[in-house]
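Contents: one structure, followed by commentary.
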Amino acid sequence: MAVDPQMMDPEALEAEAEAEYDLLGVEGSFWTATRLLIGIVTFVWAGVAFAYFYLRESDTHALWRPHGVTPPTLLGTLIALCVVAGAAVAVYGKYTLLDGRQVDWGFAAWLTTALGLVAAGLQIWELTRLSFLPGLSGYTSVFIGYAPLNVAFILGGTYWMETTVARAMRLRGRLATTGGAGASPLPDARLLRANVDGVTYFWVYMALIVATFWALFYVL
Amino acid sequence: MAMTEEARAGTGQHGRITARERQRNPWLGQSVITGFAGAAIGYLLGHLFGNIIASNYAVVKASGVNNVSICLGLALGTLGWLAGLGAFNYAVAKILGYEPAKEEETTGWQRYFKMTLDHKVVGLQYLIAVLGFFFTAGLFAEAFRTELLSPYSHFIGPDVYLQLVSEHGTMMMMMATSLVVGPFGNYLVPLMIGARGMAFPRLEATSLWLFVAGYMVILTAPVYGGFNTGWTAYAPLQTEARGGMDSYLIGFGVVGLGMILNGFNQIVTITNLRAPGMRWTRLPIFVWAMLTTGFLLTLATPVLFVGAYLGVLDRTAQTSFYVNAHGGSSYLWENLFWFFGHPEVYIMALPGFGLVGEMLTVFSRKPLFAYKVAAAGMIGVALLSFFVWQHHLFQSGINPDMRPLFMLDTELISIPTGFIYLVGMGTLWRGRIRFTLPMMFSLAMYFNFLIGGITGVYLSDVPVNVTVHGSFFVLAHFHYTIMGGLVFAFFGAVYYYMPRVTGHMLNETLGKIHFWMMFVFFNLTFFPLLIVGFLGMPRRVFEYAPRLQGLNAFATVADYLLGLSFVVFVANFIWSMWIDPKPAPHNPWQSRGIEWQLPDPVPFHNFDRLPLILSDPYHYGEEDPLPVADFRGGGALAALAEAGVAPFDAYAGRPEIAHPASHISDPGREV
Amino acid sequence: MTATDGDRRDGGRADDPNRRHWRFLLLVVLVGTIIVEPLLWFVIRVHMPPGRQTTAAQGDQFDATVLTMMASPVVIAVLAYFTYAMVVWRHPKGAPLVDGPPIRSNLKVQASWLFMTSAIVMGAFVFGTYELIVPAGAGGGEGPSPIWTPTSKTILPVQVIGQQWQWTYRYPTYGGFETTQLVLPDNTWIAFHVTSLDVIHSFWAYQLGVKADANPQVDDVAFTKTQQTGKVTVRCDELCGIWHGAMYNYGYVVSRSSFNSWALRTEKRQAPLTKLLPPFSWTYSPSANGAGGGYYPSSIPFPSSESYGKGASGPEGNLPGVKVSHKGLSGGQ
């Protein structure tokens, strides 16, 4: 805060305190929301993983996975690599932001956004390059169920990253004099940092999920 | 899409909207009218895409039903509805980095037909929406009970009968998940915790309009030939059902999304936006109910969403998740569905417990007995509810070795549920019991839920389950818990909170007629059905043993009168709110709850100053009790100083400045 | 509820209002329980559904009675308490509003409540588990690999086939003939093998105390032992489409000799039709082209999956008076 609160009259002081209290509430909301969102998405993926393991274990009519049924492995690996790389870049970007290097963070965030778009695009393309029909077996069904959800998931993370960096660009002028987005004590900057923290966390989680399902579909 | 207020705000004007703009014709902005237009456009586009994609499919040609176009139509219709209402304005503006608009107060009755960020308006919108849902689904019940007057088909025939049964079950389940969390959760939680709104007001409004969209989607089912699978929609019946099944799957997806958002918002709000001094031990018990329900909504519903999504894929993309012959498993749906379905049962119980807890204290003039036990009970129920789902599958042929475990889990859940009885009975002990309408509904809930709970023990016992599973016994059991529990608590709360929400009391005489009719005929409807089930009548049959006709006919007639009780309620509501509204006195029930201490009507931002919470709202019977909150503020500074937040930490240890309310002794006293 | 600190200041223990209330309520619960429990055991029990035609049904009847007896004191206590509260602690209409005593908690009451409810729950669990395991699954469908099985060596396997919208029964020990009439021998262990040809049904033989879901391509096994002759109602208990409500038929438990002669007679009479049926199998799948509603046996043939009731599947099945034969099976594989 720029002014010394000890010098302020009680009314103004309380108003300042309330503003700070509210802001802490909003920051806390971002924190909780991110973790809770991960909880929600985890249960979505748990549903898909349950279908995978349940059908695999049941192997009804020995039709879990007929021999030779596999989606294009190269494409699948590329998708996973894009997401993992995006997450790594996002983490790197977050630390550069906190170091005060906003340009680096902006670049990293755009790169992550681009990687997300590429991954989602590749996932859609992969769906058009399958050598099997959806209802052939349990495995093929789960893959067909997985792919569109994965697109939505990656696009969601990408949207979040894009909106964060777009907001950061708009705020750049306003925050420049107070130390930039990484250090400014202004409310806008604090909320932006809360957002960056959230979206980075989400990307790391996303990388874990994508890597897990990559292993389930292409390795196991 | 018109440029939004949010978007305008972000262009540097920062939310400044001129008075002239604000006073423009209320119908010119986005409202349900544009919502309907958006829905129509989305629906038509979806249908068109569906036809382009799938009209050549062999299965479409053979059956004449294009599930792809139905599903796409309903999904895009829902998106169009939300877009028309303005739910995506900020989401789109955000892509360009714009900030949200400053929230403006909306006035006039038109605001109830728009997307609004005021949690009090959303609460009231939700109230009307759930009542609409409830009465529509209730009408279906009257029709199929008529069919059951005779042991043989005589009125609507088996097909319509099953469609009505399925619609009734599905709509009631959708409705009941939001029956309390929607209206009362959104309206009351911010008031009760001393907040100025929900954490994510746009998500809050979106959850409401998704709920309304779900209502419309599920009611499209008859257009596509209905669905005759019951609300459980077991595959393979699901996979081979007519187009109405798509309405069910998309409808549950839409409502489920709304449920997730609603629960999400409740949790984030309660954990982060509590006023200074609102410790966990001071939360009103209703807020604990909303918190625990929130966790069930956010964590269980995604699994339903996935289940419905896989069902849609089976019906459109020809996958084989639930098709045994192609490597799928019909048990997969049963597991996914009940993994959500059982927590859902508690989504429909906990809010009722919370409401009743609030009302009992006020009308027995006693503190809530064993507050911590009540909160622990709710947490216990919420946790255990994730581990009981297979008790729905005791006779299904899967995992016999797991049955003792699921029997144990299911029976264990009656321990935390029993806490709610302990709390209620302890609160009544030597109280000053006033037989007001809300109190009568609360006491009735305890009576009904007792029967619901005890019959649940029979169902949880695997050997007895062999006889009662899938019979009318189950049906009567869950009507005793959901209708006898939640719906009774809900109507009690409507009578209790209407003076707060609208400033008008509901007529007491009509209310008492409503109560006695509802209580008596509810029991006369469902108790015979418990017996009918025990005597061998399966659920969802239009034809039954002639020896059971007496009990069935009795239940049907009682059900007509039960239906009539809601006519009395609606008449009362219309009479007391619009025809002859009588202003309610301030805090008519002499409650100590924060929500009742606020001025009438509640100001737009609820609190001028963040209140400093001094105690829980249950200090009845104490000599010179603490006020529940100091509304003059001062708490924020005190809280920040105490927490060591710079620069306010300079005030730590200087109570005369940091604590305007310090004349009140011992504000930090533990409960 | 014993006195709280606040109450103790009001007077000595003898005048403690809490004690008076407690005494009265305990008395009511005690008297109520003493009246109700013998009534339940001696009068109600024999009338409890679903009767005593089989061991499973009798077990259900017994269990339901015991659960009712466990629940009754709880119900009496809660109802008595609420009634008492409403009468005694009612605030007189028009009287000035005063608050009740500020009793916030009472450790003794809370601990006793927790102990009592936990004891009831654990009691119900132990009892339920015993009653599930000892009578071979209590008549419920145990899936294709049943784990609670009868020890008897003479078990009659009966296949129950659900399809939209009728029940049929095949008797593998009598050449696998198929009939719409369920006939069972008295005083015999029966293994119901329940399966479906289309959607999920549920085989509910009410008087037998047997219920097992009929899943397509799943062999759901349930056991019971008949012990009285008489009529049996079979209903479908899982919604299976438009005529679900009309999917019921009847069966009979008859003497062993009547059963044997009926079975032999039917086997002989049905032989030309049995030949046209798909060979006997625990489950069936629709044939590839689906033409004519053809089905092929979709799992391992009859004897090899017979893992329960040691020796039961032997060709000489040891069912006194009942002919056990596999001749119809081997011919069809």
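Following the order of the structure tokens, first chain is A, next is B, and so on, with residues numbered from 1 inside each chain and ligands from 1 in the order they appear.
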Residues within 8 Å of Ser72 of chain C, please, as an mmCIF file with all heavy atoms, in the first residue's frame. Count only C-alpha atoms; anything in the same chain fewer than 4 positions from it doesn't count.
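Contents of selection_1.cif, freshly written:
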```
data_model
loop_
_atom_site.group_PDB
_atom_site.id
_atom_site.type_symbol
_atom_site.label_atom_id
_atom_site.label_comp_id
_atom_site.auth_asym_id
_atom_site.auth_seq_id
_atom_site.Cartn_x
_atom_site.Cartn_y
_atom_site.Cartn_z
ATOM 1 N N THR C 33 -41.570 -51.477 24.343
ATOM 2 C CA THR C 33 -40.743 -52.558 23.819
ATOM 3 C C THR C 33 -41.222 -53.908 24.343
ATOM 4 O O THR C 33 -41.304 -54.879 23.583
ATOM 5 C CB THR C 33 -39.270 -52.332 24.215
ATOM 6 O OG1 THR C 33 -38.913 -51.009 23.820
ATOM 7 C CG2 THR C 33 -38.363 -53.327 23.547
ATOM 8 N N VAL C 36 -44.283 -54.772 22.339
ATOM 9 C CA VAL C 36 -44.157 -54.951 20.888
ATOM 10 C C VAL C 36 -43.311 -56.173 20.522
ATOM 11 O O VAL C 36 -43.659 -56.925 19.610
ATOM 12 C CB VAL C 36 -43.577 -53.669 20.249
ATOM 13 C CG1 VAL C 36 -43.147 -53.929 18.818
ATOM 14 C CG2 VAL C 36 -44.608 -52.560 20.293
ATOM 15 N N GLU C 37 -42.223 -56.391 21.236
ATOM 16 C CA GLU C 37 -41.300 -57.443 20.812
ATOM 17 C C GLU C 37 -41.935 -58.846 20.795
ATOM 18 O O GLU C 37 -41.819 -59.552 19.791
ATOM 19 C CB GLU C 37 -40.035 -57.434 21.688
ATOM 20 C CG GLU C 37 -39.236 -56.133 21.602
ATOM 21 C CD GLU C 37 -38.446 -55.981 20.300
ATOM 22 O OE1 GLU C 37 -38.470 -56.894 19.474
ATOM 23 O OE2 GLU C 37 -37.820 -54.919 20.114
ATOM 24 N N THR C 68 -36.923 -55.945 12.267
ATOM 25 C CA THR C 68 -38.049 -55.192 12.829
ATOM 26 C C THR C 68 -37.945 -55.137 14.345
ATOM 27 O O THR C 68 -38.197 -54.089 14.961
ATOM 28 C CB THR C 68 -39.381 -55.842 12.416
ATOM 29 O OG1 THR C 68 -39.336 -56.103 11.016
ATOM 30 C CG2 THR C 68 -40.552 -54.931 12.713
ATOM 31 N N ILE C 76 -39.922 -46.660 18.663
ATOM 32 C CA ILE C 76 -40.741 -46.301 19.828
ATOM 33 C C ILE C 76 -40.095 -45.139 20.569
ATOM 34 O O ILE C 76 -40.757 -44.164 20.939
ATOM 35 C CB ILE C 76 -40.892 -47.521 20.763
ATOM 36 C CG1 ILE C 76 -41.723 -48.599 20.084
ATOM 37 C CG2 ILE C 76 -41.538 -47.111 22.088
ATOM 38 C CD1 ILE C 76 -41.740 -49.921 20.822
#
```
Give me the residues of chain B that have any atom at most 6 Å from an atom of chain C; for each, the nearest atom pair and the distance in Å, rounded to one decimal. Use only C-alpha atoms, sort by chain and number, and format it as a tab-separated table.
```
residue	atom	partner	partner_atom	distance
B:Pro158	CA	C:Ile242	CA	5.9
B:Asp159	CA	C:Ile242	CA	5.5
B:Pro236	CA	C:Val199	CA	5.2
B:Leu237	CA	C:Val199	CA	5.6
B:Arg365	CA	C:Asp99	CA	4.7
B:Lys366	CA	C:Gly100	CA	5.3
B:Pro367	CA	C:Arg104	CA	5.9
B:Phe369	CA	C:Arg104	CA	4.9
B:Ala370	CA	C:Ser105	CA	4.7
B:Gln395	CA	C:Gly141	CA	5.0
B:Ser396	CA	C:Asp213	CA	4.8
B:Gly397	CA	C:Gly143	CA	3.7
B:Ile398	CA	C:Gly143	CA	5.5
B:Pro400	CA	C:Glu142	CA	5.3
B:Pro404	CA	C:Thr129	CA	5.9
B:Leu408	CA	C:Phe125	CA	5.7
B:Glu411	CA	C:Val121	CA	5.9
B:Ile415	CA	C:Thr117	CA	5.9
B:Arg430	CA	C:Trp89	CA	5.7
B:Gly431	CA	C:Gly100	CA	4.6
B:Arg432	CA	C:His91	CA	4.8
B:Ile433	CA	C:Arg90	CA	4.6
B:Arg434	CA	C:His91	CA	5.4
B:Asp461	CA	C:Gly128	CA	5.7
B:Pro463	CA	C:Ala138	CA	5.3
B:Val464	CA	C:Asp60	CA	5.2
B:Val466	CA	C:Lys211	CA	5.6
B:Gly470	CA	C:Asp237	CA	5.8
B:Pro538	CA	C:Asp237	CA	5.4
B:Val541	CA	C:Gly245	CA	3.9
B:Phe542	CA	C:Gly245	CA	5.1
B:Glu543	CA	C:Gly245	CA	5.1
B:Tyr620	CA	C:Asp99	CA	5.9
B:Gly621	CA	C:Asp99	CA	4.5
B:Glu622	CA	C:Pro102	CA	5.9
```
Store the residues of this selection in a file with C-alpha atoms, as an mmCIF file, in the first residue's frame.
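selection.cif, freshly written:
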```
data_model
loop_
_atom_site.group_PDB
_atom_site.id
_atom_site.type_symbol
_atom_site.label_atom_id
_atom_site.label_comp_id
_atom_site.auth_asym_id
_atom_site.auth_seq_id
_atom_site.Cartn_x
_atom_site.Cartn_y
_atom_site.Cartn_z
ATOM 1 C CA PRO B 158 -48.068 -49.499 -20.882
ATOM 2 C CA ASP B 159 -46.068 -47.287 -23.218
ATOM 3 C CA PRO B 236 -28.852 -52.263 -22.973
ATOM 4 C CA LEU B 237 -32.410 -50.915 -22.712
ATOM 5 C CA ARG B 365 -35.845 -21.171 21.525
ATOM 6 C CA LYS B 366 -32.842 -23.335 22.223
ATOM 7 C CA PRO B 367 -29.279 -23.448 20.947
ATOM 8 C CA PHE B 369 -27.760 -29.187 20.497
ATOM 9 C CA ALA B 370 -24.361 -30.757 19.848
ATOM 10 C CA GLN B 395 -28.892 -58.829 -6.877
ATOM 11 C CA SER B 396 -27.184 -57.849 -10.099
ATOM 12 C CA GLY B 397 -24.706 -60.682 -10.115
ATOM 13 C CA ILE B 398 -21.526 -58.665 -9.739
ATOM 14 C CA PRO B 400 -20.736 -61.148 -4.449
ATOM 15 C CA PRO B 404 -20.726 -57.732 3.178
ATOM 16 C CA LEU B 408 -21.395 -52.577 6.348
ATOM 17 C CA GLU B 411 -25.336 -49.490 7.629
ATOM 18 C CA ILE B 415 -24.578 -43.567 12.458
ATOM 19 C CA ARG B 430 -37.066 -28.576 27.446
ATOM 20 C CA GLY B 431 -37.476 -26.080 24.649
ATOM 21 C CA ARG B 432 -40.347 -23.640 24.147
ATOM 22 C CA ILE B 433 -41.861 -25.286 21.131
ATOM 23 C CA ARG B 434 -43.962 -23.001 18.947
ATOM 24 C CA ASP B 461 -29.420 -56.039 4.690
ATOM 25 C CA PRO B 463 -30.710 -61.234 2.697
ATOM 26 C CA VAL B 464 -33.818 -59.060 3.156
ATOM 27 C CA VAL B 466 -33.521 -60.224 -1.935
ATOM 28 C CA GLY B 470 -36.576 -53.391 -7.004
ATOM 29 C CA PRO B 538 -42.177 -54.814 -8.576
ATOM 30 C CA VAL B 541 -45.301 -52.264 -13.656
ATOM 31 C CA PHE B 542 -48.671 -51.323 -15.088
ATOM 32 C CA GLU B 543 -50.102 -54.724 -14.259
ATOM 33 C CA TYR B 620 -30.919 -18.657 22.869
ATOM 34 C CA GLY B 621 -31.724 -18.706 26.538
ATOM 35 C CA GLU B 622 -28.541 -17.052 27.679
#
```
6 Å contact set for segment 59-70 of chain A, only C-alpha atoms, chain neighbours under 5 positions out, as a list in words: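 Using only C-alpha atoms, the neighbours found are Ser137, Gly138 and Tyr139 of chain A; Gly327 of chain B.
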Non-local contacts of Leu76 of chain B (7 Å; only C-alpha atoms; under 6 positions in same chain excluded) as an MDAnalysis selection string: chainID B and resid 42:43 46
Which residues of segment 101-144 of chain B have any atom within 12 Å of an atom in segment 207-213 of chain B when counting only C-alpha atoms, and what is the closest pair of atoms for each, with the distance in Å to one decimal? Order the rows by chain and rising number and write it as a Markdown table.
```
| residue | atom | partner | partner_atom | distance |
| --- | --- | --- | --- | --- |
| B:Tyr112 | CA | B:Trp209 | CA | 11.5 |
| B:Phe113 | CA | B:Trp209 | CA | 10.2 |
| B:Lys114 | CA | B:Trp209 | CA | 9.4 |
| B:Met115 | CA | B:Trp209 | CA | 7.9 |
| B:Thr116 | CA | B:Leu208 | CA | 10.2 |
| B:Leu117 | CA | B:Leu208 | CA | 11.2 |
| B:His119 | CA | B:Leu208 | CA | 10.7 |
| B:Val121 | CA | B:Leu208 | CA | 10.8 |
| B:Val122 | CA | B:Leu208 | CA | 7.2 |
| B:Gly123 | CA | B:Leu208 | CA | 8.8 |
| B:Leu124 | CA | B:Leu208 | CA | 10.4 |
| B:Gln125 | CA | B:Leu208 | CA | 7.7 |
| B:Tyr126 | CA | B:Leu208 | CA | 6.3 |
| B:Leu127 | CA | B:Leu208 | CA | 10.1 |
| B:Ile128 | CA | B:Val212 | CA | 10.2 |
| B:Ala129 | CA | B:Val212 | CA | 6.6 |
| B:Val130 | CA | B:Phe211 | CA | 8.8 |
| B:Leu131 | CA | B:Val212 | CA | 11.4 |
| B:Gly132 | CA | B:Val212 | CA | 9.6 |
| B:Phe133 | CA | B:Val212 | CA | 8.8 |
```
With C-alpha atoms retained, write the just-selected residues as a compact mmCIF listing (two decimals), in the first residue's frame.
```txt
# COMPACT_ATOMS: atom_id res chain seq x y z
CA TYR B 112 -36.12 -12.07 -12.96
CA PHE B 113 -36.04 -12.97 -16.65
CA LYS B 114 -32.41 -12.13 -17.16
CA MET B 115 -29.04 -13.35 -16.23
CA THR B 116 -28.17 -11.43 -13.10
CA LEU B 117 -25.21 -11.38 -10.78
CA HIS B 119 -27.37 -13.86 -5.61
CA VAL B 121 -32.34 -12.60 -7.49
CA VAL B 122 -30.78 -15.90 -8.57
CA GLY B 123 -32.13 -17.53 -5.41
CA LEU B 124 -35.65 -16.41 -6.18
CA GLN B 125 -35.34 -17.44 -9.83
CA TYR B 126 -34.20 -20.84 -8.65
CA LEU B 127 -37.19 -21.06 -6.33
CA ILE B 128 -39.63 -20.59 -9.18
CA ALA B 129 -37.63 -22.97 -11.39
CA VAL B 130 -37.58 -25.80 -8.85
CA LEU B 131 -41.28 -25.36 -8.16
CA GLY B 132 -41.98 -25.55 -11.89
CA PHE B 133 -39.91 -28.71 -12.14
```
Polymer residues at most 7 Å from segment 32-41 of chain A, only C-alpha atoms, same-chain spacing of 5 or more positions, as number ranges by chain: A: 198; B: 268, 298-299, 302
Separation of atom CA of Ile218 of chain B from atom CA of Gly253 of chain B in Å: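 Computing it gives 10.6 Å between the two atoms.
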Residues of chain B within 6 Å of chain A, counting only C-alpha atoms, as a list in words: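 Contact residues on the first chain: Lys94, Ile95, Leu96, Gly97, Val268, Asn272, Leu273, Thr298, Leu299, Pro302, Val303, Gln318, Thr319, Ser320, His326, Gly327, Gly328, Ala636 and Leu637 of chain B.
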Contacts of Trp262 of chain C at 12 Å (only C-alpha atoms; same-chain gap of 4+ positions) as a list in words: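 Within the cut-off, the hits are Tyr171, Tyr174, Thr179, Gln181, Leu182, Val183, Leu184, Pro185, Tyr252, Val253, Val254, Ser255, Arg256, Ser257, Ser258, Thr266, Glu267, Lys268, Arg269, Gln270, Val322 and Lys323 of chain C.
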Selected residues written out with N, CA and C atoms, as a PDB file, in the first residue's frame:
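Everything below was put into result.pdb:
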```
ATOM      1  N   TYR C 171     -33.864 -77.232 -18.416  1.00  0.00           N
ATOM      2  CA  TYR C 171     -33.418 -78.210 -17.414  1.00  0.00           C
ATOM      3  C   TYR C 171     -32.268 -79.003 -18.008  1.00  0.00           C
ATOM      4  N   TYR C 174     -32.026 -82.733 -17.862  1.00  0.00           N
ATOM      5  CA  TYR C 174     -33.051 -83.499 -18.606  1.00  0.00           C
ATOM      6  C   TYR C 174     -32.960 -83.169 -20.087  1.00  0.00           C
ATOM      7  N   THR C 179     -39.020 -74.850 -21.309  1.00  0.00           N
ATOM      8  CA  THR C 179     -40.453 -74.780 -21.044  1.00  0.00           C
ATOM      9  C   THR C 179     -40.795 -73.419 -20.467  1.00  0.00           C
ATOM     10  N   GLN C 181     -42.929 -73.199 -18.082  1.00  0.00           N
ATOM     11  CA  GLN C 181     -43.476 -73.485 -16.766  1.00  0.00           C
ATOM     12  C   GLN C 181     -42.353 -73.905 -15.821  1.00  0.00           C
ATOM     13  N   LEU C 182     -42.257 -73.184 -14.718  1.00  0.00           N
ATOM     14  CA  LEU C 182     -41.221 -73.520 -13.742  1.00  0.00           C
ATOM     15  C   LEU C 182     -41.770 -74.587 -12.803  1.00  0.00           C
ATOM     16  N   VAL C 183     -41.177 -75.791 -12.849  1.00  0.00           N
ATOM     17  CA  VAL C 183     -41.589 -76.846 -11.930  1.00  0.00           C
ATOM     18  C   VAL C 183     -40.351 -77.304 -11.165  1.00  0.00           C
ATOM     19  N   LEU C 184     -40.483 -77.387  -9.850  1.00  0.00           N
ATOM     20  CA  LEU C 184     -39.332 -77.717  -9.018  1.00  0.00           C
ATOM     21  C   LEU C 184     -39.694 -78.849  -8.066  1.00  0.00           C
ATOM     22  N   PRO C 185     -38.734 -79.698  -7.754  1.00  0.00           N
ATOM     23  CA  PRO C 185     -38.997 -80.767  -6.786  1.00  0.00           C
ATOM     24  C   PRO C 185     -38.909 -80.226  -5.361  1.00  0.00           C
ATOM     25  N   TYR C 252     -44.470 -74.129  -9.900  1.00  0.00           N
ATOM     26  CA  TYR C 252     -44.954 -74.993  -8.826  1.00  0.00           C
ATOM     27  C   TYR C 252     -43.800 -75.729  -8.190  1.00  0.00           C
ATOM     28  N   VAL C 253     -43.891 -75.873  -6.900  1.00  0.00           N
ATOM     29  CA  VAL C 253     -43.009 -76.809  -6.218  1.00  0.00           C
ATOM     30  C   VAL C 253     -43.853 -78.040  -5.956  1.00  0.00           C
ATOM     31  N   VAL C 254     -43.386 -79.204  -6.481  1.00  0.00           N
ATOM     32  CA  VAL C 254     -44.169 -80.432  -6.359  1.00  0.00           C
ATOM     33  C   VAL C 254     -43.308 -81.506  -5.696  1.00  0.00           C
ATOM     34  N   SER C 255     -43.914 -82.619  -5.398  1.00  0.00           N
ATOM     35  CA  SER C 255     -43.138 -83.691  -4.763  1.00  0.00           C
ATOM     36  C   SER C 255     -42.072 -84.184  -5.732  1.00  0.00           C
ATOM     37  N   ARG C 256     -41.047 -84.808  -5.185  1.00  0.00           N
ATOM     38  CA  ARG C 256     -39.947 -85.264  -6.039  1.00  0.00           C
ATOM     39  C   ARG C 256     -40.410 -86.237  -7.111  1.00  0.00           C
ATOM     40  N   SER C 257     -41.291 -87.133  -6.715  1.00  0.00           N
ATOM     41  CA  SER C 257     -41.714 -88.130  -7.705  1.00  0.00           C
ATOM     42  C   SER C 257     -42.535 -87.461  -8.812  1.00  0.00           C
ATOM     43  N   SER C 258     -43.398 -86.516  -8.414  1.00  0.00           N
ATOM     44  CA  SER C 258     -44.177 -85.807  -9.454  1.00  0.00           C
ATOM     45  C   SER C 258     -43.243 -85.045 -10.376  1.00  0.00           C
ATOM     46  N   THR C 266     -41.820 -84.469 -20.026  1.00  0.00           N
ATOM     47  CA  THR C 266     -41.607 -83.270 -20.842  1.00  0.00           C
ATOM     48  C   THR C 266     -40.379 -83.427 -21.727  1.00  0.00           C
ATOM     49  N   GLU C 267     -39.335 -84.045 -21.174  1.00  0.00           N
ATOM     50  CA  GLU C 267     -38.124 -84.238 -21.965  1.00  0.00           C
ATOM     51  C   GLU C 267     -38.426 -85.026 -23.224  1.00  0.00           C
ATOM     52  N   LYS C 268     -39.215 -86.060 -23.010  1.00  0.00           N
ATOM     53  CA  LYS C 268     -39.546 -86.933 -24.144  1.00  0.00           C
ATOM     54  C   LYS C 268     -40.414 -86.180 -25.154  1.00  0.00           C
ATOM     55  N   ARG C 269     -41.432 -85.502 -24.644  1.00  0.00           N
ATOM     56  CA  ARG C 269     -42.363 -84.817 -25.524  1.00  0.00           C
ATOM     57  C   ARG C 269     -41.667 -83.688 -26.287  1.00  0.00           C
ATOM     58  N   GLN C 270     -40.726 -83.010 -25.593  1.00  0.00           N
ATOM     59  CA  GLN C 270     -40.089 -81.846 -26.197  1.00  0.00           C
ATOM     60  C   GLN C 270     -38.902 -82.218 -27.082  1.00  0.00           C
ATOM     61  N   VAL C 322     -34.393 -88.369  -8.858  1.00  0.00           N
ATOM     62  CA  VAL C 322     -34.340 -87.457  -9.984  1.00  0.00           C
ATOM     63  C   VAL C 322     -33.286 -87.952 -10.944  1.00  0.00           C
ATOM     64  N   LYS C 323     -33.659 -88.047 -12.169  1.00  0.00           N
ATOM     65  CA  LYS C 323     -32.708 -88.538 -13.153  1.00  0.00           C
ATOM     66  C   LYS C 323     -31.763 -87.412 -13.546  1.00  0.00           C
TER      67      LYS C 323
END
```
For atom CA of Leu459 of chain B and atom CA of Arg539 of chain B, the interatomic separation in Å (one decimal):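 Separation of atom CA of Leu459 of chain B and atom CA of Arg539 of chain B: 14.7 Å.
Atom pair atom CA of Lys231 of chain C / atom CA of Thr188 of chain C has a distance of 15.9 Å (rounded to one decimal).
The residue set within 8 Å of segment 82-90 of chain A, counting only C-alpha atoms and dropping same-chain residues fewer than 5 places from it, reads Ala108, Ala109, Leu111, Thr112, Thr113, Leu115, Gly116, Val118, Ala119, Ile154, Thr200, Trp203, Val204, Met206, Ala207, Leu208, Val210 and Ala211 of chain A.
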